[in-house]
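Trainee: Structure in C-alpha cells, see below.
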Amino acid sequence: MSSIRRAAILGSGVMGAAIAAHLANVGIPSLLLDIVPNKLTPEEEKKGLSLEDKVVRNRIVNSGKVGLLKAKPAPLYHTKDIDLIETGNFEDDFERIAECDWIIEVVVERLDIKRQVLAKVDEYRRKGSIVSSNTSGVSITAMAEGRSEDFRQHFLGTHFFNPPRYMKLLELIPTVDTLPQVIAQMRIFAEDVLGKGVVIAKDTPNFIANRIGTYGLLITFAEMQKTRFGVDEVDLLTGPVLGRPKSATFRTLDIVGIDTFVHVAQNVYDQSTDPEEKAVFEVPTVIRKMVDNGWIGEKSGQGFFKREKTAQGREIFALDIDTMEYRPRRKLSSASFEAAKAAPSLKKKLQTLAYGEDDAAIFVWNVIKQTLLYSARLVGVIADDITAIDDAMKWGFNWDMGPFELWDAIGVRRSVERMKQEGLVIPEFVEVLLTQGETFYTQRGQTVQSFFVGHGYKEVKPDERKIDLRLLKENGHVVFGNKGASLVDLGDGVACLELHSLKQAIGADVVTMMMKAADEVEKNFEALIVSSEASNFSVGANLMMILMEAQDDNWDEIDLAVRQFQNANMRLKYLKKPVVVAPHGLTLGGGAEIALAGSALQMAAETYCGLVEVGVGLIPGGGGNKELLIRMMERLPEGTDLSPVPLVQKAFEVIAMAKVSTSAKEAAELGFLRPTDQITVARDQLLAQAKATSLKLAENFVPRRHKGIKVLGENAAAYLMIGVYGMKKSGYISEHDEKIARHLIRVLTGGQAAGGSVVSEQYLLDLEREAFLSLCGEPKTQARMQYMLQKGKPLRN
C-alpha cells in the first residue's frame with residue numbers, strides 16, 4: 001500500500017500538468033496549482049469579469065488542465081482520469097498543500113524562483129511530507145539552502161522525462177541531508193506505482209542521462225562537421241543500426257526542441273570547470289543561428305528537417321549546415337553500413353561499424369569512442385555505478401544498450417588498444433577493469449554481476465518483482481520451442497509461452513507451439529502465461545502469407561490456417577489449467593484474439609489493443625468477433641428486460657471501425673478486459689505479476705465449460721445494416737466497406753439462426769472463417785493487404 005495517497009503539483013505548464021496526469025493514471029488524486037494572472041484577457045473583459053473572480057484567478061491552471069485533453073501523445077490513460085486533478089492557485093489555495101503526502105515543484109528552471117516557491121512550501125507543508133523539485137539540471141542542494149531541517153530531510157530532486165506517461169526514466173537526486181528511508185520510499189513508489197525505471201543520480205549539472213546524451217549529440221555534430229556527411233546520413237548511421245531510436249540524432253533534436261537542447265547544453269557549459277568538457281558543451285554557431293531564425297524543430301515547423309509540398313506529395317528535406325538551405329535527403333553510400341544492417345544481432349552490427357574501414361565506420365568509431373570515454377570519466381561523479389548510467393541512457397534516450405553495455409559488445413580490450421594507438425587517455429576506472437576481467441558485466445548462472453569503482457565485480461541481487469526470460473532461457477529453462485515461440489519454465493509450476501517471431505506475427509509455427517504448450521501444461525504444469533519481453537505482444541497474423549496464398553487461390557491452405565488458429569485459441573480457452581495472457585504494446589488482430597482466449601488478462605497499462613482486420617479488408621478470423629460479442633453480452637444483467645441490441649452494436653462498432661485502445665484502461669472500455677482482469681503499470685513487472693495471478697487462479701481453478709451463445713438473428717442484422725446504409729449513402733464508407741460490414745453483422749447476429757436462439761461457439765467460428773475466406777478472395781481486399789504491407793497504413797478503396 002503506497003504511503004503517497006495525495007500529491008500537490010506546483011506549476012501547471014507542460015511538465016507539471018503531465019505529471020499530474022500520470023498520477024491520475026495510477027489513481028492518485030492531486031492538487032494542481034499555478035500563479036494568479038495579473039491582467040484580464042479581452043474575452044474576460046467582455047464578460048465583465050474582474051481579477052477577483054475565481055474563474056480568472058484559476059485561468060492559468062485550468063488552461064493547463066484542459067490542455068491535457070488535447071495533448072498528443074495523450075498524457076492520460078483515459079479522459080475520465082482527469083477528474084482526479086483538482087485545480088487552485090498560489091494565493092488562495094497554497095495552504096492546502098498540507099493535505100498532501102508529496103509536493104512536487106515544477107516552476108520555471110530558475111534557481112531564484114524555485115527557492116521562493118520552496119520557501120513558501122516550507123511554511124505550509126505538513127511535517128514528514130516529501131517535497132521534490134522536477135528539474136533537468138538546477139542544483140538540488142542549492143534549492144534546499146536555508147530551509148528547515150525537516151524540509152531538507154524530506155527533499156530531493158525528481159527528474160521526470162517528457163512525456164512522463166511514456167518515458168520510463170525517473171532520476172532521483174538526493175542531497176546529503178535527504179533521509180535514506182525517504183530515498184528508498186520514493187524509489188519503491190516510483191517503480192511499483194508509477195511504473196518508472198529509477199536511477200539514483202548525484203547532484204551535478206544535468207544529472208545522468210542529459211549529461212551524457214547532450215555530450216553525445218554535440219560530439220556527433222562536431223564529427224559531422226569534419227566529414228562529407230549531412231544530417232540525414234548521420235541519422236542513418238546513429239539510428240537503429242547502433243541500437244538507437246529511428247529518430248537517431250538530428251530528428252531527436254527536432255522533436256525535443258533545439259532551443260531546449262541549447263538550454264541543457266548551456267547548463268553544463270556554465271558550471272563545468274574542465275576546459276576540455278567546456279569546449280564540447282559550447283553550442284555551435286550553426287545551432288545558435290538556427291535558434292535565432294526560429295528553426296527550433298517540430299514545434300516551429302522546421303529544424304534540421306523540414307516537410308515541404310512537392311509534385312510527389314509532402315516530402316522531408318534536410319538542412320545543409322554549410323549553406324543553411326534545405327535539400328532533398330540523400331541515400332547513404334557505405335559498405336560498412338550495409339554490412340552492419342545485414343548483421344544478425346545488435347552486437348554484430350556494432351562490431352561491424354566500429355571496426356569498419358570506410359568513412360561511415362570511421363565516423364561512427366569517432367563518435368562511439370568519445371562517448372564511451374566521457375561516460376567512464378563520469379563514473380563516481382554523476383552516479384556511483386555503471387548500471388545507473390546504462391539504465392539512464394536506455395530509459396531516458398531509448399538506447400538499446402547503455403554505454404558500458406555497448407563497450408562490452410564491441411570488446412573492451414580491443415577498443416582500448418585502438419584508443420591508445422590513437423593517443424587517447426584511458427580513465428583509470430577502465431584500466432583497473434582490464435586487470436580484473438574483459439567486460440564490465442559478467443554473468444554466472446542466473447546472476448548478473450556488474451563492475452563498480454574500487455570494488456571489482458559486485459553482484460547485483462535478483463529483483464523478485466521481475467522475471468528475466470532471457471536469463472532463464474540462457475540457463476536451460478526452455479522446455480521446447482521453434483522459430484515462432486518457446487515454452488519457458490518460470491518455476492513454481494508455471495510455464496510461459498513466449499512469442500518471438502518477427503514482430504511476434506502469428507504464423508503456423510506460433511499456432512503449433514500454442515497447441516504443443518497446451519498439451520505440456522496440462523500434463524506437467526499448474527498454469528500457463530502467454531507473453532514476451534519484446535516491445536509488442538503481437539501485430540497479428542502473418543499478412544504476407546495470407547496475401548500470397550490468396551493470390552495463388554490456395555483457399556484450402558487459408559481455410560486450414562484459420563481453422564488451426566481458431567482451434568488453438570479454443571484449446572487455450574478450455575485448458576484444464578489457468579491461462580493468463582499478459583499483453584503489452586501493440587496487441588492487434590490475431591494478437592488480440594489470443595488475449596481474448598485466456599482465462600484472465602494481466603495487461604500492461606501501455607497496451608494498444610484492437611481487432612484491426614477491417615483495415616486490410618477482412619474481419620477477425622480467429623474467434624475475435626465471438627469473444628468480443630460474449631464480453632459485451634456479459635454486461636447485460638441477468639433477468640433484465642433491457643435490449644441486448646446496443647451491446648451487439650457496440651461490438652460491431654469496435655470491430656468495424658478497427659478501434660485500438662490507447663491504454664489498458666481504454667481497452668477495458670472497448671470490451672477487451674473483464675472487470676476481473678488486472679492492469680500492470682510497471683512493464684518490467686508484468687511477467688512476475690502474471691505469474692502471481694496464475695498461481696492464485698490455480699489454487700481453486702475450475703476449467704470453463706462450453707456454453708451456448710444467444711444470437712439476435714436477422715431483425716437485429718437489419719437494424720445494424722440501416723446504420724451502414726446511412727454511412728454509405730453519406731459517403732463515409734465505400735462499397736467495399738459496406739460488404740465487409742455485412743459479413744461482420746452476419747457473424748455477430750448469428751447468420752440464418754433465428755433471433756433468440758442459442759448457438760454453439762463452433763457455429764460462430766464457422767461463420768467467421770467463411771466470411772474471412774470470402775473476403776480474402778475479393779480483389780479490393782487483396783489490394784488493401786498489399787497496400788498495408790508496402791505503405792504500413794490502410795487503403796480506403
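Just so we're on the same page: first chain in the C-alpha cells is A, next is B, and so on; residues restart at 1 for each chain, and ligands are numbered from 1 in the order they show up.
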Using only C-alpha atoms, determine which residues lie at most 12 Å from A:Ser345, disregarding the query and same-chain residues fewer than 6 positions distant; provide the list as an MDAnalysis selection string.

Mentor: chainID A and resid 240:243 339 351:352 400 409

Trainee: Those residues with C-alpha atoms, as a tab-separated table (two decimals), in the first residue's frame please?

Mentor:
```tsv
chain	number	residue	atom	x	y	z
A	240	PRO	CA	18.69	1.53	-35.17
A	241	VAL	CA	21.97	0.16	-36.56
A	242	LEU	CA	23.59	1.47	-33.34
A	243	GLY	CA	20.70	0.35	-31.16
A	339	ALA	CA	27.06	-4.93	-43.76
A	351	GLN	CA	31.32	-4.53	-34.16
A	352	THR	CA	30.90	-4.22	-37.94
A	400	ASP	CA	19.05	-0.47	-26.64
A	409	ALA	CA	29.64	-5.53	-27.16
```

Trainee: Excluding same-chain residues fewer than 4 positions from stretch 73-90 of chain A, what lies within 10 Å of it counting only C-alpha atoms, as JSON, numbers by chain?

Mentor: {"A": [6, 7, 8, 9, 10, 11, 12, 17, 18, 19, 20, 21, 22, 23, 24, 25, 26, 27, 28, 29, 30, 31, 32, 33, 34, 35, 36, 37, 54, 57, 58, 59, 60, 61, 62, 64, 65, 66, 67, 68, 69, 94, 95, 96, 117, 120, 163, 164, 165, 166, 605, 606, 661, 662, 663, 664, 665, 666, 667, 669]}

Trainee: Need the shell around stretch 377-382 of chain A: protein/DNA/RNA residues with any atom at most 12 Å away, counting only C-alpha atoms. Skip same-chain ones fewer than 5 positions apart. Format as a ChimeraX atom specification?

Mentor: /A:137,171-173,199-212,215,274,277,370-372,387-390,392,403-404,425-431,451-454

Trainee: Give me, as an mmCIF file with N, CA and C atoms, in the first residue's frame, all polymer residues having an atom no more than 7 Å from A:Leu629, counting only C-alpha atoms and skipping those fewer than 3 positions away in the same chain.

Mentor:
```
data_model
loop_
_atom_site.group_PDB
_atom_site.id
_atom_site.type_symbol
_atom_site.label_atom_id
_atom_site.label_comp_id
_atom_site.auth_asym_id
_atom_site.auth_seq_id
_atom_site.Cartn_x
_atom_site.Cartn_y
_atom_site.Cartn_z
ATOM 1 N N ASN A 625 -14.409 -11.980 -33.120
ATOM 2 C CA ASN A 625 -15.790 -11.479 -33.145
ATOM 3 C C ASN A 625 -16.612 -12.144 -32.043
ATOM 4 N N LYS A 626 -16.489 -13.473 -31.971
ATOM 5 C CA LYS A 626 -17.221 -14.266 -30.976
ATOM 6 C C LYS A 626 -16.877 -13.841 -29.554
ATOM 7 N N MET A 632 -19.357 -8.455 -24.467
ATOM 8 C CA MET A 632 -20.381 -7.409 -24.481
ATOM 9 C C MET A 632 -21.687 -7.929 -23.867
ATOM 10 N N MET A 633 -22.079 -9.133 -24.234
ATOM 11 C CA MET A 633 -23.337 -9.682 -23.723
ATOM 12 C C MET A 633 -23.276 -9.939 -22.219
ATOM 13 N N VAL A 648 -24.566 -5.481 -28.912
ATOM 14 C CA VAL A 648 -24.092 -6.065 -30.171
ATOM 15 C C VAL A 648 -23.606 -4.941 -31.097
ATOM 16 N N ALA A 651 -20.131 -3.953 -30.054
ATOM 17 C CA ALA A 651 -19.137 -4.896 -30.564
ATOM 18 C C ALA A 651 -18.893 -4.655 -32.045
ATOM 19 N N LEU A 748 -21.973 -11.540 -36.117
ATOM 20 C CA LEU A 748 -22.348 -11.069 -34.779
ATOM 21 C C LEU A 748 -23.810 -11.345 -34.433
#
```

Trainee: Between A:Ile594, A:Met657, A:Leu236, A:Leu628, which one has atoms that come closest to A:Gly615, using only C-alpha atoms?

Mentor: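 Counting only C-alpha atoms, the residue closest to A:Gly615 is A:Met657.
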
Trainee: Find the spatial neighbours of A:Gln685, counting only C-alpha atoms, within a cut-off of 7 Å - ignore same-chain residues fewer than 3 positions away - and output them as an MDAnalysis selection string.

Mentor: chainID A and resid 465:466 682 688:689

Trainee: Take the residues just selected and output them with C-alpha atoms as a PDB file, in the first residue's frame.

Mentor:
```
ATOM      1  CA  ARG A 465       9.392  -8.259  -8.684  1.00  0.00           C
ATOM      2  CA  LYS A 466      10.788  -9.101 -12.123  1.00  0.00           C
ATOM      3  CA  ALA A 682       5.296  -1.306 -14.314  1.00  0.00           C
ATOM      4  CA  ALA A 688       6.019 -11.614 -12.373  1.00  0.00           C
ATOM      5  CA  GLN A 689       2.539 -10.233 -11.736  1.00  0.00           C
TER       6      GLN A 689
END
```

Trainee: Would you tabulate, counting only C-alpha atoms, all residues of stretch 660-715 of chain A that have an atom at most 12 Å from an atom of stretch 522-526 of chain A, showing the closest pair of atoms and their distance in Å to one decimal, sorted by chain then ascending number, as a tab-separated table?

Mentor:
```
residue	atom	partner	partner_atom	distance
A:Lys691	CA	A:Glu526	CA	10.7
A:Ala692	CA	A:Glu526	CA	11.9
A:Thr693	CA	A:Glu526	CA	12.0
A:Ser694	CA	A:Glu526	CA	8.4
A:Leu695	CA	A:Glu526	CA	7.5
A:Lys696	CA	A:Glu526	CA	10.4
A:Leu697	CA	A:Glu526	CA	9.5
A:Ala698	CA	A:Glu526	CA	6.3
A:Glu699	CA	A:Glu526	CA	9.0
A:Asn700	CA	A:Glu526	CA	11.1
A:Phe701	CA	A:Glu526	CA	9.7
A:Pro703	CA	A:Glu522	CA	11.4
```

Trainee: I want to know what sits within 8 Å of stretch 253-259 of chain A, based on only C-alpha atoms, with residues of the same chain fewer than 4 positions away left out; could you give that as an mmCIF file with N, CA and C atoms, in the first residue's frame?

Mentor:
```
data_model
loop_
_atom_site.group_PDB
_atom_site.id
_atom_site.type_symbol
_atom_site.label_atom_id
_atom_site.label_comp_id
_atom_site.auth_asym_id
_atom_site.auth_seq_id
_atom_site.Cartn_x
_atom_site.Cartn_y
_atom_site.Cartn_z
ATOM 1 N N THR A 249 19.822 11.143 -34.217
ATOM 2 C CA THR A 249 20.436 12.335 -33.619
ATOM 3 C C THR A 249 19.651 13.609 -33.908
ATOM 4 N N HIS A 263 19.528 25.090 -24.128
ATOM 5 C CA HIS A 263 19.447 25.419 -22.700
ATOM 6 C C HIS A 263 20.142 24.352 -21.850
ATOM 7 N N ILE A 287 23.981 26.053 -34.693
ATOM 8 C CA ILE A 287 22.781 25.750 -33.912
ATOM 9 C C ILE A 287 22.220 27.031 -33.294
ATOM 10 N N VAL A 291 18.405 28.728 -33.846
ATOM 11 C CA VAL A 291 17.508 29.230 -32.798
ATOM 12 C C VAL A 291 17.132 30.684 -33.073
ATOM 13 N N TRP A 295 14.206 28.350 -36.150
ATOM 14 C CA TRP A 295 14.183 26.976 -36.677
ATOM 15 C C TRP A 295 14.474 26.011 -35.523
ATOM 16 N N ILE A 296 13.523 25.826 -34.647
ATOM 17 C CA ILE A 296 13.795 25.099 -33.404
ATOM 18 C C ILE A 296 13.194 23.699 -33.385
ATOM 19 N N GLY A 297 12.795 23.191 -34.560
ATOM 20 C CA GLY A 297 12.313 21.823 -34.622
ATOM 21 C C GLY A 297 10.840 21.718 -34.944
ATOM 22 N N GLU A 298 10.247 20.616 -34.531
ATOM 23 C CA GLU A 298 8.855 20.322 -34.891
ATOM 24 C C GLU A 298 7.886 21.414 -34.482
ATOM 25 N N LYS A 299 8.084 21.984 -33.299
ATOM 26 C CA LYS A 299 7.107 22.963 -32.815
ATOM 27 C C LYS A 299 7.102 24.235 -33.647
ATOM 28 N N GLN A 302 10.143 23.610 -38.606
ATOM 29 C CA GLN A 302 11.404 23.284 -39.258
ATOM 30 C C GLN A 302 12.552 23.339 -38.257
ATOM 31 N N GLY A 303 13.543 22.505 -38.528
ATOM 32 C CA GLY A 303 14.745 22.467 -37.708
ATOM 33 C C GLY A 303 15.841 21.889 -38.573
ATOM 34 N N PHE A 304 16.360 20.748 -38.185
ATOM 35 C CA PHE A 304 17.321 20.064 -39.055
ATOM 36 C C PHE A 304 16.594 19.419 -40.241
ATOM 37 N N PHE A 305 15.289 19.230 -40.084
ATOM 38 C CA PHE A 305 14.468 18.703 -41.171
ATOM 39 C C PHE A 305 13.234 19.578 -41.347
#
```

Trainee: Give me, as number ranges by chain, all polymer residues having an atom no more than 12 Å from stretch 222-225 of chain A, counting only C-alpha atoms and skipping those fewer than 3 positions away in the same chain.

Mentor: A: 215-219, 228-235, 237-238, 249-250, 279-287, 320-322, 359-360, 362-370

Trainee: Given the choices A:Ala690, A:Ala517, A:Ile506, A:Leu647, which gets closest to A:Thr587 if the distance is worked out from only C-alpha atoms?

Mentor: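 The shortest atom-to-atom distance to A:Thr587 comes from A:Ile506.
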
Trainee: Counting only C-alpha atoms, which of A:Met186, A:Arg704, A:Leu434, A:Leu611 gets nearest to A:Glu417?

Mentor: A:Leu434

Trainee: Please run DSSP on the backbone and report, as JSON, numbers by chain, all residues within stretch 404-554 of chain A that come out as helix (DSSP H, G or I).

Mentor: {"A": [404, 405, 406, 407, 408, 409, 410, 412, 413, 414, 415, 416, 417, 418, 419, 420, 421, 428, 429, 430, 431, 432, 433, 434, 435, 436, 469, 470, 471, 472, 473, 474, 502, 503, 504, 508, 509, 510, 511, 512, 513, 514, 515, 516, 517, 518, 519, 520, 521, 522, 523, 524, 543, 544, 545, 546, 547, 548, 549, 550, 551]}

Trainee: Which value, in Å to one decimal, gives the distance between atom CA of A:Leu502 and atom CA of A:Gly540?

Mentor: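 Atom CA of A:Gly540 lies 10.9 Å from atom CA of A:Leu502.
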
Trainee: For the structure I just gave you, how does DSSP split stretch 319-381 of chain A - specifically, which residues are strand (DSSP E or B)? Reply as a PDB file with N, CA and C atoms, in the first residue's frame.

Mentor:
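Here's the written file part28.pdb:
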```pdb
ATOM      1  N   LEU A 319      18.433  19.901 -43.725  1.00  0.00           N
ATOM      2  CA  LEU A 319      19.169  21.170 -43.706  1.00  0.00           C
ATOM      3  C   LEU A 319      20.635  20.929 -44.053  1.00  0.00           C
ATOM      4  N   ASP A 320      21.145  21.683 -45.026  1.00  0.00           N
ATOM      5  CA  ASP A 320      22.578  21.697 -45.322  1.00  0.00           C
ATOM      6  C   ASP A 320      23.199  22.742 -44.412  1.00  0.00           C
ATOM      7  N   GLU A 325      20.464  25.972 -46.231  1.00  0.00           N
ATOM      8  CA  GLU A 325      19.301  25.763 -47.089  1.00  0.00           C
ATOM      9  C   GLU A 325      18.881  24.301 -47.014  1.00  0.00           C
ATOM     10  N   TYR A 326      17.593  24.059 -47.295  1.00  0.00           N
ATOM     11  CA  TYR A 326      17.071  22.695 -47.237  1.00  0.00           C
ATOM     12  C   TYR A 326      17.207  22.024 -48.603  1.00  0.00           C
ATOM     13  N   ARG A 327      17.563  20.752 -48.569  1.00  0.00           N
ATOM     14  CA  ARG A 327      17.777  19.978 -49.795  1.00  0.00           C
ATOM     15  C   ARG A 327      17.114  18.613 -49.653  1.00  0.00           C
ATOM     16  N   PRO A 328      16.875  17.906 -50.773  1.00  0.00           N
ATOM     17  CA  PRO A 328      16.319  16.543 -50.670  1.00  0.00           C
ATOM     18  C   PRO A 328      17.261  15.638 -49.875  1.00  0.00           C
ATOM     19  N   VAL A 379      31.923   8.093 -14.065  1.00  0.00           N
ATOM     20  CA  VAL A 379      31.552   7.110 -13.036  1.00  0.00           C
ATOM     21  C   VAL A 379      32.070   7.605 -11.684  1.00  0.00           C
TER      22      VAL A 379
END
```

Trainee: Atom CA of A:Ala184 and atom CA of A:Tyr441 are how many Å apart?

Mentor: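 Result for atom CA of A:Ala184 versus atom CA of A:Tyr441: 25.1 Å, one decimal.
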
Trainee: Choose the residue, out of A:Ala741, A:Ala190, A:Ile4, A:Ala717, that has the smallest atom-to-atom separation from A:Gly755; count only C-alpha atoms.

Mentor: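 Of A:Ala741, A:Ala190, A:Ile4, A:Ala717, the one nearest A:Gly755, counting only C-alpha atoms, is A:Ala717.
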
Trainee: Identify which of the residues A:Pro174, A:Arg571, A:Ala656, A:Glu109 lies closest to A:Thr260, counting only C-alpha atoms when measuring atom-to-atom distances.

Mentor: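 Of the candidates, the smallest distance to A:Thr260 is held by A:Glu109.
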